[in-house]
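Below: final-v6.cif (mmCIF, C-alpha atoms)
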data_work
loop_
_atom_site.group_PDB
_atom_site.id
_atom_site.type_symbol
_atom_site.label_atom_id
_atom_site.label_comp_id
_atom_site.auth_asym_id
_atom_site.auth_seq_id
_atom_site.Cartn_x
_atom_site.Cartn_y
_atom_site.Cartn_z
ATOM 1 C CA MET E 30 -11.547 6.286 -14.800
ATOM 2 C CA GLY E 31 -9.320 6.624 -11.748
ATOM 3 C CA TYR E 32 -10.327 8.078 -8.399
ATOM 4 C CA SER E 33 -8.128 9.505 -5.673
ATOM 5 C CA TRP E 34 -8.400 8.055 -2.201
ATOM 6 C CA ALA E 35 -9.830 11.327 -0.910
ATOM 7 C CA GLU E 36 -12.474 11.359 -3.653
ATOM 8 C CA SER E 37 -13.416 7.760 -3.002
ATOM 9 C CA ARG E 38 -13.651 8.252 0.746
ATOM 10 C CA ARG E 39 -15.905 11.258 0.282
ATOM 11 C CA ALA E 40 -18.153 9.352 -2.123
ATOM 12 C CA PHE E 41 -18.273 6.291 0.134
ATOM 13 C CA ASP E 42 -19.055 8.352 3.224
ATOM 14 C CA GLU E 43 -21.847 10.171 1.403
ATOM 15 C CA ALA E 44 -23.301 6.872 0.221
ATOM 16 C CA ALA E 45 -23.037 5.401 3.720
ATOM 17 C CA ASP E 46 -24.812 8.400 5.244
ATOM 18 C CA TRP E 47 -27.624 8.149 2.689
ATOM 19 C CA TYR E 48 -28.006 4.418 3.303
ATOM 20 C CA LEU E 49 -28.137 4.846 7.083
ATOM 21 C CA ALA E 50 -30.603 7.733 6.857
ATOM 22 C CA THR E 51 -32.879 5.723 4.558
ATOM 23 C CA VAL E 52 -32.716 2.614 6.757
ATOM 24 C CA ALA E 53 -33.802 4.806 9.677
ATOM 25 C CA LEU E 54 -37.041 5.540 7.781
ATOM 26 C CA VAL E 55 -38.138 1.894 7.527
ATOM 27 C CA GLY E 56 -40.164 1.885 10.753
ATOM 28 C CA ASP E 57 -42.327 -1.244 10.808
ATOM 29 C CA ARG E 58 -42.011 -1.997 7.076
ATOM 30 C CA TRP E 59 -39.263 -4.606 7.281
ATOM 31 C CA GLN E 60 -41.340 -7.363 5.675
ATOM 32 C CA GLN E 61 -42.688 -5.188 2.863
ATOM 33 C CA PRO E 62 -41.678 -6.290 -0.674
ATOM 34 C CA ALA E 63 -38.622 -4.424 -1.919
ATOM 35 C CA LEU E 64 -36.568 -5.848 -4.790
ATOM 36 C CA GLY E 65 -37.378 -9.088 -6.591
ATOM 37 C CA GLU E 66 -37.864 -11.763 -3.980
ATOM 38 C CA TRP E 67 -36.295 -9.640 -1.235
ATOM 39 C CA THR E 68 -38.185 -7.914 1.541
ATOM 40 C CA VAL E 69 -37.067 -4.518 2.832
ATOM 41 C CA LEU E 70 -35.089 -6.331 5.523
ATOM 42 C CA ASP E 71 -33.390 -8.577 2.973
ATOM 43 C CA LEU E 72 -32.443 -5.555 0.864
ATOM 44 C CA VAL E 73 -31.041 -3.723 3.897
ATOM 45 C CA GLY E 74 -29.078 -6.852 4.789
ATOM 46 C CA HIS E 75 -27.702 -7.222 1.294
ATOM 47 C CA ALA E 76 -26.642 -3.567 1.199
ATOM 48 C CA SER E 77 -24.893 -3.977 4.557
ATOM 49 C CA ARG E 78 -22.488 -6.331 2.790
ATOM 50 C CA SER E 79 -21.075 -3.244 1.077
ATOM 51 C CA PHE E 80 -19.380 -2.558 4.412
ATOM 52 C CA LEU E 81 -18.727 -6.128 5.483
ATOM 53 C CA THR E 82 -16.841 -7.173 2.362
ATOM 54 C CA VAL E 83 -14.375 -4.317 2.889
ATOM 55 C CA GLU E 84 -13.676 -5.711 6.338
ATOM 56 C CA THR E 85 -13.425 -9.291 5.104
ATOM 57 C CA TYR E 86 -11.191 -8.574 2.118
ATOM 58 C CA ALA E 87 -8.922 -6.217 4.059
ATOM 59 C CA ALA E 88 -8.054 -9.204 6.240
ATOM 60 C CA ARG E 89 -6.934 -11.125 3.133
ATOM 61 C CA PRO E 90 -3.897 -9.357 1.623
ATOM 62 C CA ALA E 91 -3.224 -9.995 -2.065
ATOM 63 C CA ARG E 92 0.169 -10.444 -3.689
ATOM 64 C CA SER E 93 -0.616 -8.583 -6.918
ATOM 65 C CA VAL E 94 -3.234 -6.558 -8.757
ATOM 66 C CA GLU E 95 -5.448 -8.752 -10.923
ATOM 67 C CA VAL E 96 -8.385 -6.348 -11.259
ATOM 68 C CA ALA E 97 -7.313 -2.818 -12.082
ATOM 69 C CA SER E 98 -10.492 -0.751 -11.850
ATOM 70 C CA PRO E 99 -14.049 -0.687 -10.480
ATOM 71 C CA SER E 100 -15.496 -1.298 -13.948
ATOM 72 C CA ASP E 101 -13.174 -4.286 -14.439
ATOM 73 C CA TYR E 102 -14.466 -5.659 -11.138
ATOM 74 C CA TYR E 103 -18.065 -5.537 -12.309
ATOM 75 C CA ILE E 104 -17.247 -7.090 -15.664
ATOM 76 C CA ALA E 105 -15.330 -9.878 -13.889
ATOM 77 C CA THR E 106 -18.126 -10.630 -11.410
ATOM 78 C CA ARG E 107 -21.148 -10.633 -13.726
ATOM 79 C CA ALA E 108 -21.641 -14.381 -13.575
ATOM 80 C CA ILE E 109 -21.398 -14.370 -9.779
ATOM 81 C CA ALA E 110 -23.844 -11.460 -9.484
ATOM 82 C CA ALA E 111 -26.347 -13.325 -11.631
ATOM 83 C CA GLY E 112 -25.974 -16.565 -9.657
ATOM 84 C CA PRO E 113 -28.623 -18.188 -7.475
ATOM 85 C CA ASP E 114 -26.669 -17.653 -4.245
ATOM 86 C CA VAL E 115 -27.005 -13.857 -4.226
ATOM 87 C CA ALA E 116 -30.585 -13.836 -2.948
ATOM 88 C CA GLN E 117 -29.746 -16.215 -0.116
ATOM 89 C CA ARG E 118 -26.692 -14.195 0.888
ATOM 90 C CA GLY E 119 -28.962 -11.186 1.197
ATOM 91 C CA ARG E 120 -31.345 -13.091 3.455
ATOM 92 C CA ASP E 121 -28.456 -14.415 5.538
ATOM 93 C CA ALA E 122 -27.060 -10.896 5.932
ATOM 94 C CA ALA E 123 -30.515 -9.687 6.972
ATOM 95 C CA ALA E 124 -30.804 -12.401 9.612
ATOM 96 C CA ALA E 125 -27.374 -11.457 10.969
ATOM 97 C CA LEU E 126 -28.626 -7.928 11.707
ATOM 98 C CA GLY E 127 -30.703 -9.319 14.564
ATOM 99 C CA ALA E 128 -33.665 -7.738 16.299
ATOM 100 C CA ASP E 129 -32.544 -4.125 15.792
ATOM 101 C CA PRO E 130 -31.355 -3.726 12.175
ATOM 102 C CA VAL E 131 -31.063 0.064 12.395
ATOM 103 C CA THR E 132 -28.569 -0.106 15.251
ATOM 104 C CA ALA E 133 -26.774 -3.049 13.661
ATOM 105 C CA VAL E 134 -26.081 -1.281 10.373
ATOM 106 C CA ARG E 135 -24.948 1.853 12.192
ATOM 107 C CA GLU E 136 -22.448 -0.208 14.173
ATOM 108 C CA ILE E 137 -21.207 -2.014 11.058
ATOM 109 C CA ALA E 138 -20.764 1.257 9.190
ATOM 110 C CA ALA E 139 -18.907 2.881 12.064
ATOM 111 C CA ARG E 140 -16.570 -0.087 12.398
ATOM 112 C CA VAL E 141 -15.707 -0.163 8.695
ATOM 113 C CA ARG E 142 -15.248 3.588 8.486
ATOM 114 C CA GLY E 143 -12.817 3.299 11.368
ATOM 115 C CA LEU E 144 -10.936 0.622 9.426
ATOM 116 C CA LEU E 145 -10.776 2.868 6.356
ATOM 117 C CA ASP E 146 -9.420 5.707 8.467
ATOM 118 C CA ARG E 147 -6.345 3.567 9.060
ATOM 119 C CA HIS E 148 -5.678 3.096 5.334
ATOM 120 C CA ASP E 149 -4.433 5.271 2.475
ATOM 121 C CA GLY E 150 -5.958 3.188 -0.317
ATOM 122 C CA THR E 151 -2.782 1.413 -1.408
ATOM 123 C CA ALA E 152 -3.384 -1.879 0.418
ATOM 124 C CA LEU E 153 -3.865 -4.951 -1.770
ATOM 125 C CA LEU E 154 -7.004 -6.972 -1.019
ATOM 126 C CA THR E 155 -8.114 -10.403 -2.152
ATOM 127 C CA THR E 156 -11.613 -9.817 -3.521
ATOM 128 C CA ILE E 157 -14.007 -12.286 -5.056
ATOM 129 C CA ALA E 158 -12.669 -11.186 -8.448
ATOM 130 C CA GLY E 159 -8.978 -11.315 -7.493
ATOM 131 C CA GLY E 160 -6.361 -8.952 -6.122
ATOM 132 C CA MET E 161 -7.314 -5.257 -6.059
ATOM 133 C CA ARG E 162 -6.054 -2.068 -4.486
ATOM 134 C CA LEU E 163 -8.373 -0.788 -1.800
ATOM 135 C CA GLU E 164 -8.620 2.542 -3.652
ATOM 136 C CA ASP E 165 -10.024 0.657 -6.657
ATOM 137 C CA TYR E 166 -12.294 -1.633 -4.657
ATOM 138 C CA LEU E 167 -13.932 1.014 -2.458
ATOM 139 C CA PRO E 168 -15.799 2.672 -5.376
ATOM 140 C CA THR E 169 -17.536 -0.659 -6.014
ATOM 141 C CA ARG E 170 -18.889 -0.492 -2.464
ATOM 142 C CA THR E 171 -20.097 3.054 -3.077
ATOM 143 C CA PHE E 172 -21.793 1.729 -6.207
ATOM 144 C CA GLU E 173 -23.600 -0.977 -4.237
ATOM 145 C CA LEU E 174 -24.666 1.424 -1.491
ATOM 146 C CA VAL E 175 -26.009 4.010 -3.922
ATOM 147 C CA VAL E 176 -27.885 1.566 -6.142
ATOM 148 C CA HIS E 177 -29.425 -0.386 -3.270
ATOM 149 C CA THR E 178 -30.276 2.707 -1.258
ATOM 150 C CA ALA E 179 -32.111 3.918 -4.357
ATOM 151 C CA ASP E 180 -33.909 0.544 -4.416
ATOM 152 C CA LEU E 181 -34.783 0.958 -0.751
ATOM 153 C CA ALA E 182 -36.000 4.535 -1.163
ATOM 154 C CA LEU E 183 -38.198 3.420 -4.055
ATOM 155 C CA ALA E 184 -39.659 0.581 -1.992
ATOM 156 C CA LEU E 185 -40.408 2.977 0.872
ATOM 157 C CA GLY E 186 -41.834 5.727 -1.321
ATOM 158 C CA GLU E 187 -39.029 8.110 -0.376
ATOM 159 C CA PRO E 188 -37.215 10.564 -2.695
ATOM 160 C CA ILE E 189 -34.268 9.061 -4.544
ATOM 161 C CA ASP E 190 -31.899 11.878 -3.594
ATOM 162 C CA ALA E 191 -28.524 10.277 -4.183
ATOM 163 C CA PRO E 192 -25.724 12.516 -2.838
ATOM 164 C CA ALA E 193 -23.700 14.251 -5.514
ATOM 165 C CA ALA E 194 -20.168 12.881 -5.063
ATOM 166 C CA ALA E 195 -21.406 9.323 -4.595
ATOM 167 C CA ALA E 196 -23.779 9.521 -7.554
ATOM 168 C CA ALA E 197 -21.054 11.011 -9.768
ATOM 169 C CA GLN E 198 -18.716 8.131 -8.977
ATOM 170 C CA VAL E 199 -21.412 5.540 -9.679
ATOM 171 C CA LEU E 200 -22.338 7.181 -12.980
ATOM 172 C CA GLY E 201 -18.647 7.227 -13.894
ATOM 173 C CA ILE E 202 -18.382 3.489 -13.287
ATOM 174 C CA ILE E 203 -21.522 2.868 -15.346
ATOM 175 C CA SER E 204 -20.102 4.881 -18.244
ATOM 176 C CA ASP E 205 -16.784 3.027 -18.010
ATOM 177 C CA ILE E 206 -18.599 -0.315 -18.210
ATOM 178 C CA ALA E 207 -20.675 0.863 -21.172
ATOM 179 C CA LEU E 208 -17.580 2.091 -23.012
ATOM 180 C CA THR E 209 -15.765 -1.196 -22.393
ATOM 181 C CA ASP E 210 -18.779 -3.239 -23.500
ATOM 182 C CA GLY E 211 -19.532 -1.133 -26.555
ATOM 183 C CA THR E 212 -22.963 -0.218 -25.179
ATOM 184 C CA ALA E 213 -22.390 3.526 -24.741
ATOM 185 C CA GLY E 214 -24.692 4.346 -27.649
ATOM 186 C CA SER E 215 -27.608 2.451 -26.111
ATOM 187 C CA LEU E 216 -26.971 4.110 -22.739
ATOM 188 C CA LEU E 217 -27.005 7.539 -24.399
ATOM 189 C CA LEU E 218 -30.344 6.778 -26.063
ATOM 190 C CA LEU E 219 -31.866 5.629 -22.783
ATOM 191 C CA ALA E 220 -30.572 8.622 -20.829
ATOM 192 C CA THR E 221 -31.895 11.100 -23.374
ATOM 193 C CA GLY E 222 -35.389 9.645 -23.624
ATOM 194 C CA ARG E 223 -35.074 8.103 -27.065
ATOM 195 C CA THR E 224 -36.113 4.555 -26.280
ATOM 196 C CA GLY E 225 -36.832 1.929 -23.686
ATOM 197 C CA LEU E 226 -37.984 3.812 -20.590
ATOM 198 C CA PRO E 227 -41.605 4.598 -19.641
ATOM 199 C CA GLY E 228 -42.569 8.237 -19.578
ATOM 200 C CA ARG E 229 -39.660 9.125 -21.898
ATOM 201 C CA PHE E 230 -37.240 9.745 -19.042
ATOM 202 C CA SER E 231 -34.458 12.065 -20.124
ATOM 203 C CA VAL E 232 -31.645 13.949 -18.432
ATOM 204 C CA MET E 233 -32.044 16.735 -21.004
#

For this file, write the structure as structure tokens.
Amino acid sequence: MGYSWAESRRAFDEAADWYLATVALVGDRWQQPALGEWTVLDLVGHASRSFLTVETYAARPARSVEVASPSDYYIATRAIAAGPDVAQRGRDAAAALGADPVTAVREIAARVRGLLDRHDGTALLTTIAGGMRLEDYLPTRTFELVVHTADLALALGEPIDAPAAAAAQVLGIISDIALTDGTAGSLLLLATGRTGLPGRFSVM
């Protein structure tokens, strides 16, 4: 599934706003358990990398497109995402936020949004998976922001009110991955309450 630059910017900005608003609710709960071995602070730090990798990769132009879509990116990076270094990178990102994480993430987000304002999505970036167009990479950052803000909201006992455009893009990526993997049938069963989830969750 392809996304226009305008669509991706809207989705990313919605996801960023939701992330920042949820981080502002943390208060004194930074060391509370959040996701796996991560504290709330670690999770916030990890999610902040959704901005920082845009900045890092934009400074590394690519010569060609090696990864053509957001779903291809996730398929290509599965082994990396499951690796032992991910948890430590989250902790390192958390430590880099300093004594005032709320202000730090606001400043990071503002800086990266300013960078995106200077682009039209056609730039080629060198990502961890290979060369990608910015317009194809940005939806993966929306994905990370939405999923980890949902994690954060859950940890804080807040509503998981993912904004519509951002959530739609993330669900589109998930469906693309499922179709590529041949797991669409299982995803349909889960989403319609047939199997696997407590309380028979269903979108129906």

E:Gly119, E:Gly150, E:Pro62, E:Gly159: which is nearest E:Glu36, counting only C-alpha atoms? E:Gly150

Here's the selection I'm unsure about, the PyMOL selection byres ((chain E and resi 194-205) around 9); applied to the file above, which residues does it give, as a PyMOL selection string? chain E and resi 30+32+36-37+39-44+99-101+168-169+171-173+175-176+191-193+206-210+213+216

Report, in Å to a single decimal, how far apart atom CA of E:Ala158 and atom CA of E:Gly211 are.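 Between atom CA of E:Gly211 and atom CA of E:Ala158 the gap is 21.8 Å.
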
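What separates atom CA of E:Val115 from atom CA of E:Leu183 is a distance of 20.6 Å.
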
Å distance separating atom CA of E:Glu95 from atom CA of E:Gly160, one decimal place: 4.9 Å

Edge lengths and centre in Å, axis-aligned, stretch 33-39 of chain E plus 6 Å each side, as AutoDock Vina command-line options:
--center_x -12.0 --center_y 9.6 --center_z -2.5 --size_x 19.8 --size_y 15.6 --size_z 18.4
